[in-house]
>>> print(open('start-v1.csv').read())   # CSV, C-alpha atoms
chain,number,residue,atom,x,y,z
A,10,MET,CA,-16.2,2.6,10.9
A,11,ILE,CA,-17.1,-0.2,13.3
A,12,ALA,CA,-13.7,0.0,15.0
A,13,GLU,CA,-13.8,3.7,15.3
A,14,THR,CA,-17.4,3.7,16.7
A,15,LEU,CA,-16.6,1.1,19.3
A,16,ALA,CA,-13.4,2.9,20.3
A,17,SER,CA,-15.2,6.2,20.7
A,18,LYS,CA,-17.5,4.5,23.2
A,19,GLY,CA,-14.6,3.4,25.4
A,20,TYR,CA,-14.1,-0.2,24.1
A,21,PHE,CA,-10.5,-1.3,23.3
A,22,VAL,CA,-10.3,-2.6,19.8
A,23,TYR,CA,-7.7,-4.7,18.0
A,24,ALA,CA,-8.3,-3.6,14.4
A,25,GLY,CA,-6.9,-5.7,11.5
A,26,ALA,CA,-5.6,-4.2,8.3
A,27,ARG,CA,-3.2,-5.1,5.5
A,28,LYS,CA,-1.7,-1.7,4.3
A,29,ALA,CA,0.9,0.2,6.2
A,30,GLN,CA,-1.0,3.5,5.9
A,31,ASP,CA,-4.2,1.9,7.3
A,32,LEU,CA,-2.3,0.4,10.2
A,33,GLU,CA,-0.7,3.8,11.0
A,34,ALA,CA,-4.1,5.6,10.8
A,35,LEU,CA,-5.7,3.1,13.1
A,36,ASN,CA,-3.0,3.4,15.7
A,37,ALA,CA,-3.6,7.2,15.8
A,38,ILE,CA,-7.1,6.6,17.2
A,39,GLU,CA,-7.6,6.3,20.9
A,40,ASN,CA,-8.5,2.8,22.2
A,41,ILE,CA,-7.4,1.1,18.9
A,42,GLN,CA,-4.4,-1.0,18.4
A,43,SER,CA,-3.8,-2.0,14.8
A,44,VAL,CA,-2.8,-5.6,13.9
A,45,ARG,CA,-1.3,-6.5,10.6
A,46,LEU,CA,-3.8,-9.1,9.3
A,47,ASP,CA,-4.4,-10.7,6.0
A,48,VAL,CA,-7.0,-13.4,6.6
A,49,THR,CA,-5.5,-15.5,3.8
A,50,ILE,CA,-2.2,-15.8,5.6
A,51,GLN,CA,-2.2,-18.2,8.5
A,52,GLY,CA,1.1,-16.8,9.9
A,53,GLU,CA,-0.4,-13.3,10.2
A,54,ILE,CA,-3.5,-14.7,11.9
A,55,ASP,CA,-1.3,-16.6,14.4
A,56,ALA,CA,0.7,-13.4,15.1
A,57,ALA,CA,-2.5,-11.5,15.7
A,58,VAL,CA,-3.5,-14.2,18.3
A,59,ASP,CA,-0.2,-13.7,20.0
A,60,THR,CA,-0.6,-10.0,20.0
A,61,VAL,CA,-4.0,-10.2,21.7
A,62,SER,CA,-2.9,-12.9,24.1
A,63,ASN,CA,0.1,-11.0,25.2
A,64,GLY,CA,-1.9,-7.8,25.6
A,65,GLY,CA,-3.4,-9.2,28.7
A,66,ARG,CA,-6.9,-7.8,28.1
A,67,GLY,CA,-8.5,-11.0,27.0
A,68,LEU,CA,-10.9,-11.0,24.0
A,69,TYR,CA,-14.6,-10.5,24.2
A,70,ALA,CA,-15.5,-10.8,20.5
A,71,ILE,CA,-14.3,-11.1,17.0
A,72,ILE,CA,-16.0,-9.4,14.0
A,73,ASN,CA,-15.3,-11.2,10.7
A,74,ASN,CA,-15.6,-8.2,8.5
A,75,ALA,CA,-12.9,-8.9,5.8
A,76,GLY,CA,-14.5,-9.4,2.4
A,77,VAL,CA,-14.0,-9.0,-1.3
A,78,GLY,CA,-16.4,-8.9,-4.3
A,79,LEU,CA,-16.2,-10.4,-7.8
A,80,MET,CA,-18.7,-10.5,-10.7
A,81,ALA,CA,-18.7,-12.9,-13.6
A,82,PRO,CA,-20.8,-15.5,-15.3
A,83,LEU,CA,-20.1,-18.8,-13.7
A,84,ILE,CA,-19.4,-20.6,-17.0
A,85,GLU,CA,-16.8,-17.9,-17.9
A,86,LEU,CA,-15.3,-17.5,-14.4
A,87,ASP,CA,-11.6,-18.3,-14.0
A,88,GLU,CA,-11.0,-20.8,-11.3
A,89,THR,CA,-8.3,-18.7,-9.7
A,90,ASP,CA,-10.9,-15.9,-9.3
A,91,LEU,CA,-13.2,-18.3,-7.5
A,92,ASP,CA,-10.3,-19.4,-5.3
A,93,PHE,CA,-9.6,-15.8,-4.5
A,94,ILE,CA,-13.1,-14.9,-3.3
A,95,LEU,CA,-13.6,-18.1,-1.3
A,96,ASP,CA,-10.2,-17.7,0.3
A,97,VAL,CA,-11.1,-14.3,1.7
A,98,ASN,CA,-14.9,-14.6,2.3
A,99,VAL,CA,-15.2,-18.2,3.5
A,100,TYR,CA,-11.8,-19.5,4.6
A,101,GLY,CA,-10.9,-16.1,6.1
A,102,PRO,CA,-13.7,-16.2,8.8
A,103,TYR,CA,-13.0,-19.9,9.3
A,104,ARG,CA,-9.3,-19.4,9.9
A,105,VAL,CA,-9.7,-16.4,12.2
A,106,THR,CA,-12.5,-17.9,14.3
A,107,ARG,CA,-10.7,-21.2,14.7
A,108,ALA,CA,-7.5,-19.3,15.8
A,109,PHE,CA,-9.2,-17.1,18.3
A,110,ALA,CA,-11.6,-19.8,19.6
A,111,PRO,CA,-9.6,-20.5,22.9
A,112,LEU,CA,-9.7,-16.8,23.8
A,113,LEU,CA,-13.5,-16.6,23.1
A,114,ILE,CA,-14.2,-19.7,25.1
A,115,ALA,CA,-12.3,-18.2,28.0
A,116,SER,CA,-14.4,-15.1,27.9
A,117,LYS,CA,-17.8,-16.7,26.8
A,118,GLY,CA,-17.8,-14.0,24.2
A,119,ARG,CA,-19.4,-13.3,20.8
A,120,VAL,CA,-18.7,-13.9,17.1
A,121,VAL,CA,-20.2,-11.5,14.6
A,122,ASN,CA,-20.0,-12.4,10.9
A,123,VAL,CA,-20.6,-9.8,8.2
A,124,GLY,CA,-22.4,-11.4,5.4
A,125,SER,CA,-24.7,-10.0,2.7
A,126,ILE,CA,-28.2,-10.3,1.4
A,127,ALA,CA,-26.4,-11.8,-1.7
A,128,GLY,CA,-25.9,-14.9,0.5
A,129,VAL,CA,-29.7,-15.3,0.5
A,130,GLN,CA,-30.6,-14.2,-3.1
A,131,THR,CA,-28.6,-13.7,-6.2
A,132,ARG,CA,-28.7,-12.1,-9.6
A,133,LEU,CA,-26.9,-12.2,-13.0
A,134,PHE,CA,-23.1,-12.2,-12.5
A,135,TYR,CA,-23.4,-12.3,-8.7
A,136,GLY,CA,-22.6,-16.1,-8.6
A,137,PRO,CA,-19.1,-16.0,-7.1
A,138,TYR,CA,-20.0,-13.5,-4.4
A,139,SER,CA,-23.3,-15.2,-3.6
A,140,MET,CA,-21.6,-18.5,-3.4
A,141,SER,CA,-19.2,-17.2,-0.8
A,142,LYS,CA,-21.8,-15.4,1.2
A,143,HIS,CA,-24.2,-18.3,1.1
A,144,ALA,CA,-21.4,-20.5,2.5
A,145,LEU,CA,-20.9,-17.9,5.3
A,146,GLU,CA,-24.6,-18.3,6.2
A,147,ALA,CA,-24.0,-22.0,6.8
A,148,PHE,CA,-20.8,-21.3,8.6
A,149,ASN,CA,-22.6,-18.9,10.9
A,150,ASP,CA,-25.4,-21.4,11.7
A,151,THR,CA,-23.2,-24.3,12.4
A,152,LEU,CA,-20.8,-22.2,14.5
A,153,ALA,CA,-23.7,-21.0,16.5
A,154,ILE,CA,-24.8,-24.5,17.3
A,155,GLU,CA,-21.3,-25.7,18.1
A,156,LEU,CA,-20.2,-22.7,20.3
A,157,ALA,CA,-23.5,-22.6,22.2
A,158,ARG,CA,-22.1,-25.2,24.6
A,159,PHE,CA,-19.4,-22.7,25.6
A,160,ASP,CA,-21.9,-19.9,26.1
A,161,ILE,CA,-20.7,-18.1,23.0
A,162,LYS,CA,-23.3,-16.3,20.9
A,163,VAL,CA,-22.9,-16.1,17.1
A,164,SER,CA,-24.7,-13.7,14.8
A,165,ILE,CA,-24.5,-12.8,11.1
A,166,VAL,CA,-25.3,-9.3,9.8
A,167,ASP,CA,-26.5,-9.3,6.2
A,168,PRO,CA,-26.3,-5.8,4.6
A,169,GLY,CA,-27.4,-4.6,1.2
A,170,GLY,CA,-27.7,-1.3,-0.5
A,171,PHE,CA,-25.1,0.8,1.3
A,172,ASN,CA,-22.3,3.1,0.4
A,173,SER,CA,-19.0,1.2,0.2
A,174,ASP,CA,-16.0,0.7,-2.1
A,175,ILE,CA,-16.8,-2.9,-3.0
A,176,GLY,CA,-18.1,-1.9,-6.4
A,177,LYS,CA,-15.0,0.1,-7.2
A,178,ASN,CA,-12.7,-2.7,-6.0
A,179,ILE,CA,-14.6,-5.2,-8.1
A,180,PHE,CA,-14.1,-3.0,-11.2
A,181,LYS,CA,-10.4,-2.5,-10.4
A,182,ARG,CA,-9.9,-6.2,-10.1
A,183,MET,CA,-11.8,-6.9,-13.3
A,184,GLN,CA,-9.6,-4.4,-15.1
A,185,ALA,CA,-6.4,-5.8,-13.7
A,186,LYS,CA,-7.4,-9.3,-14.8
A,187,GLY,CA,-8.1,-8.0,-18.3
A,188,MET,CA,-11.6,-9.6,-18.4
A,189,ASP,CA,-12.9,-9.8,-21.9
A,190,PHE,CA,-16.4,-8.4,-22.0
A,191,GLU,CA,-16.6,-8.0,-25.8
A,192,HIS,CA,-16.3,-11.7,-26.5
A,193,SER,CA,-18.4,-12.8,-23.6
A,194,ARG,CA,-21.6,-14.8,-24.2
A,195,TYR,CA,-23.2,-12.1,-22.0
A,196,ARG,CA,-21.8,-9.1,-23.9
A,197,GLY,CA,-25.2,-7.3,-24.0
A,198,ASP,CA,-25.8,-7.9,-20.3
A,199,TRP,CA,-22.3,-6.6,-19.4
A,200,LYS,CA,-23.1,-3.3,-21.2
A,201,MET,CA,-25.9,-2.7,-18.7
A,202,ASN,CA,-23.9,-3.7,-15.6
A,203,TRP,CA,-23.4,-1.1,-12.9
A,204,VAL,CA,-19.9,-2.3,-12.0
A,205,LEU,CA,-18.6,-1.5,-15.5
A,206,ALA,CA,-19.8,2.1,-15.0
A,207,GLY,CA,-17.1,2.3,-12.2
A,208,GLY,CA,-18.9,0.6,-9.3
A,209,ASP,CA,-19.8,3.9,-7.6
A,210,LEU,CA,-22.1,3.4,-4.6
A,211,SER,CA,-21.7,6.9,-3.2
A,212,MET,CA,-25.3,7.6,-3.7
A,213,MET,CA,-26.3,4.9,-1.3
A,214,LYS,CA,-26.9,5.3,2.5
A,215,GLY,CA,-23.9,5.5,4.8
A,216,PRO,CA,-23.0,2.5,7.0
A,217,GLU,CA,-24.4,3.8,10.3
A,218,ASP,CA,-27.2,1.3,10.4
A,219,ILE,CA,-24.8,-1.5,9.9
A,220,VAL,CA,-22.5,-0.3,12.7
A,221,ALA,CA,-25.5,0.0,15.0
A,222,THR,CA,-26.6,-3.5,14.1
A,223,VAL,CA,-23.1,-4.9,14.8
A,224,GLU,CA,-23.3,-3.2,18.2
A,225,HIS,CA,-26.6,-4.9,19.0
A,226,ALA,CA,-25.2,-8.3,18.1
A,227,LEU,CA,-22.1,-7.6,20.3
A,228,PHE,CA,-23.8,-6.3,23.4
A,229,ASP,CA,-27.5,-7.2,23.6
A,230,ALA,CA,-28.3,-9.8,26.2
A,231,ASP,CA,-30.2,-11.8,23.6
A,232,PRO,CA,-28.7,-11.1,20.1
A,233,ARG,CA,-30.4,-12.5,17.0
A,234,ARG,CA,-28.9,-15.3,15.0
A,235,ARG,CA,-29.2,-13.1,11.9
A,236,TYR,CA,-29.9,-9.5,11.0
A,237,MET,CA,-30.9,-8.1,7.6
A,238,VAL,CA,-29.8,-4.5,7.2
A,239,VAL,CA,-30.9,-2.9,3.9
A,240,GLY,CA,-30.9,0.6,2.6
A,241,ASP,CA,-34.4,0.4,1.1
A,242,PRO,CA,-37.7,-1.6,1.5
A,243,GLU,CA,-37.3,-3.0,-2.1
A,244,ARG,CA,-34.2,-4.9,-1.1
A,245,ALA,CA,-35.9,-6.3,2.0
A,246,GLU,CA,-38.8,-7.6,-0.1
A,247,MET,CA,-36.5,-9.1,-2.7
A,248,THR,CA,-34.6,-10.9,0.0
A,249,MET,CA,-37.7,-12.3,1.8
A,250,ARG,CA,-39.2,-13.3,-1.5
A,251,ALA,CA,-36.1,-15.3,-2.4
A,252,LEU,CA,-36.3,-17.2,0.9
A,253,LEU,CA,-40.0,-17.9,0.4
A,254,ARG,CA,-39.5,-19.0,-3.2
A,255,ARG,CA,-36.8,-21.5,-2.1
A,256,MET,CA,-39.2,-22.9,0.5
A,257,LEU,CA,-41.9,-23.3,-2.0
A,258,GLU,CA,-39.6,-24.9,-4.5
A,259,LEU,CA,-38.5,-27.4,-1.9
A,260,ASN,CA,-42.1,-28.1,-1.1
A,261,GLU,CA,-43.6,-28.3,-4.7
A,262,ASN,CA,-44.5,-31.8,-5.9
A,263,GLN,CA,-42.1,-33.5,-3.5
A,264,PRO,CA,-42.6,-36.9,-1.8
A,265,TYR,CA,-43.6,-35.2,1.4
A,266,THR,CA,-45.4,-32.0,0.5
A,267,TYR,CA,-47.4,-29.5,2.7
A,268,ASP,CA,-50.5,-27.8,1.4
A,269,ARG,CA,-51.0,-24.1,1.9
A,270,ASP,CA,-52.6,-24.6,5.4
A,271,GLY,CA,-49.8,-26.9,6.4
A,272,LEU,CA,-47.2,-24.3,5.4
A,273,ILE,CA,-49.0,-21.6,7.3
A,274,LYS,CA,-49.2,-23.8,10.3
A,275,LEU,CA,-45.4,-24.4,10.1
A,276,LEU,CA,-44.8,-20.7,9.7
A,277,ASP,CA,-47.0,-19.9,12.7
A,278,GLU,CA,-45.2,-22.4,14.9
A,279,GLU,CA,-41.7,-21.1,13.9
A,280,PHE,CA,-42.8,-17.6,14.4
A,281,LYS,CA,-44.0,-18.4,17.9
A,282,ALA,CA,-40.8,-20.3,18.7
A,283,LEU,CA,-38.7,-17.4,17.5
A,284,ARG,CA,-40.6,-15.0,19.8
A,285,CYS,CA,-40.3,-17.3,22.9
>>> encode(input="start-v1.csv", output="structure tokens")
Amino acid sequence: MIAETLASKGYFVYAGARKAQDLEALNAIENIQSVRLDVTIQGEIDAAVDTVSNGGRGLYAIINNAGVGLMAPLIELDETDLDFILDVNVYGPYRVTRAFAPLLIASKGRVVNVGSIAGVQTRLFYGPYSMSKHALEAFNDTLAIELARFDIKVSIVDPGGFNSDIGKNIFKRMQAKGMDFEHSRYRGDWKMNWVLAGGDLSMMKGPEDIVATVEHALFDADPRRRYMVVGDPERAEMTMRALLRRMLELNENQPYTYDRDGLIKLLDEEFKALRC
């Protein structure tokens, strides 16, 4: 939806996809040129760079939107599954950004990474996905520091609670892998898991807020380093509490500990710095 929205507003978009039918459908949209792109295959990334370079339009921004999901207890997770999710969600953005960096430096452009609130907080069975998205948070922050000298602005958009196919795709992969829930140490918890009910998220809000946020990160004169875009206030509170809890855990009974007043002073100073 991001590509279609940008194209409808007159921006020319190179849109990556893996499947032939998706590539064909994208090419039928005005202002979109599809590019065969699997972010786990360096040859396809290099070919995409050649396509954009030879197009003569330059490149204003890249949106690292490719991502996959996976759910499993970490102590029962097959290493090949962990390789799979990290290859797409972490190495994918790294490969794509590195490959397109010369074009971005030339244009003093933008990088927008699509993360998740699962990169900030986690729950039972979310370990593989949270690990990958937490890594993307670090990737985003370091990239922002390193690319600032080239006047490139970097942002991460962290959605949560929206309608997408990620749950259905997780369920399909788990089925294809033949994951054994009956003999799991977490058998009772699996029976309550939403993904095993089919992973349907159609009752959630549509992605319009996410698209609008990506646009802000792309075109605002002073984009934010990170954006939290959630479908309900409960998810916002859960995410902020996770960050506050981590701060308090780092502070509790440590060699250099702040009291409550000291923490509030730090918060006020950072709040003021952010608003400057």
>>> closest_residue(input="start-v1.csv", among="A:Leu276, A:Leu133, A:Ile126, A:Met183", to="Met237 (chain A)", atoms="all atoms listed in the file")
A:Ile126
>>> closest_atom_pairs(input="start-v1.csv", of="region 33-74 of chain A", to="region 218-236 of chain A", cutoff="9 Å", atoms="all atoms listed in the file", output="JSON lines")
{"residue": "A:Tyr69", "atom": "CA", "partner": "A:Leu227", "partner_atom": "CA", "distance": 8.9}
{"residue": "A:Ala70", "atom": "CA", "partner": "A:Leu227", "partner_atom": "CA", "distance": 7.3}
{"residue": "A:Ile72", "atom": "CA", "partner": "A:Val223", "partner_atom": "CA", "distance": 8.4}
>>> residues_near_point(input="start-v1.csv", point="(-10.2, -10.1, 28.8)", cutoff="10 Å", atoms="only C-alpha atoms", output="list of chain:residue names")
A:Val61, A:Ser62, A:Gly64, A:Gly65, A:Arg66, A:Gly67, A:Leu68, A:Tyr69, A:Ala70, A:Leu112, A:Leu113, A:Ala115, A:Ser116, A:Gly118
>>> atom_distance(input="start-v1.csv", atom1="CA of Lys28 (chain A)", atom2="CA of Gly101 (chain A)")
17.2 Å
>>> closest_residue(input="start-v1.csv", among="A:Met140, A:Ile38, A:Val123, A:Ala75", to="Asp92 (chain A)", atoms="all atoms listed in the file")
A:Met140
>>> atom_distance(input="start-v1.csv", atom1="CA of Ala16 (chain A)", atom2="CA of Ile179 (chain A)")
29.6 Å
>>> closest_residue(input="start-v1.csv", among="A:Glu279, A:Asp270, A:Glu13, A:Asp174", to="Val204 (chain A)", atoms="all atoms listed in the file")
A:Asp174
>>> axis_aligned_box(input="start-v1.csv", around="region 202-210 of chain A", padding_each_side="6 Å", output="AutoDock Vina command-line options")
--center_x -20.5 --center_y 0.1 --center_z -10.1 --size_x 18.8 --size_y 19.6 --size_z 23.0
>>> residues_around(input="start-v1.csv", residues="region 17-21 of chain A", least_positions_apart="5", cutoff="9 Å", atoms="all atoms listed in the file", output="ChimeraX atom specification")
/A:12,38-42,66
>>> atom_distance(input="start-v1.csv", atom1="CA of Ser193 (chain A)", atom2="CA of Gly78 (chain A)")
19.8 Å
>>> closest_residue(input="start-v1.csv", among="A:Met10, A:Val239, A:Ala81, A:Ala147", to="Asp189 (chain A)", atoms="all atoms listed in the file")
A:Ala81
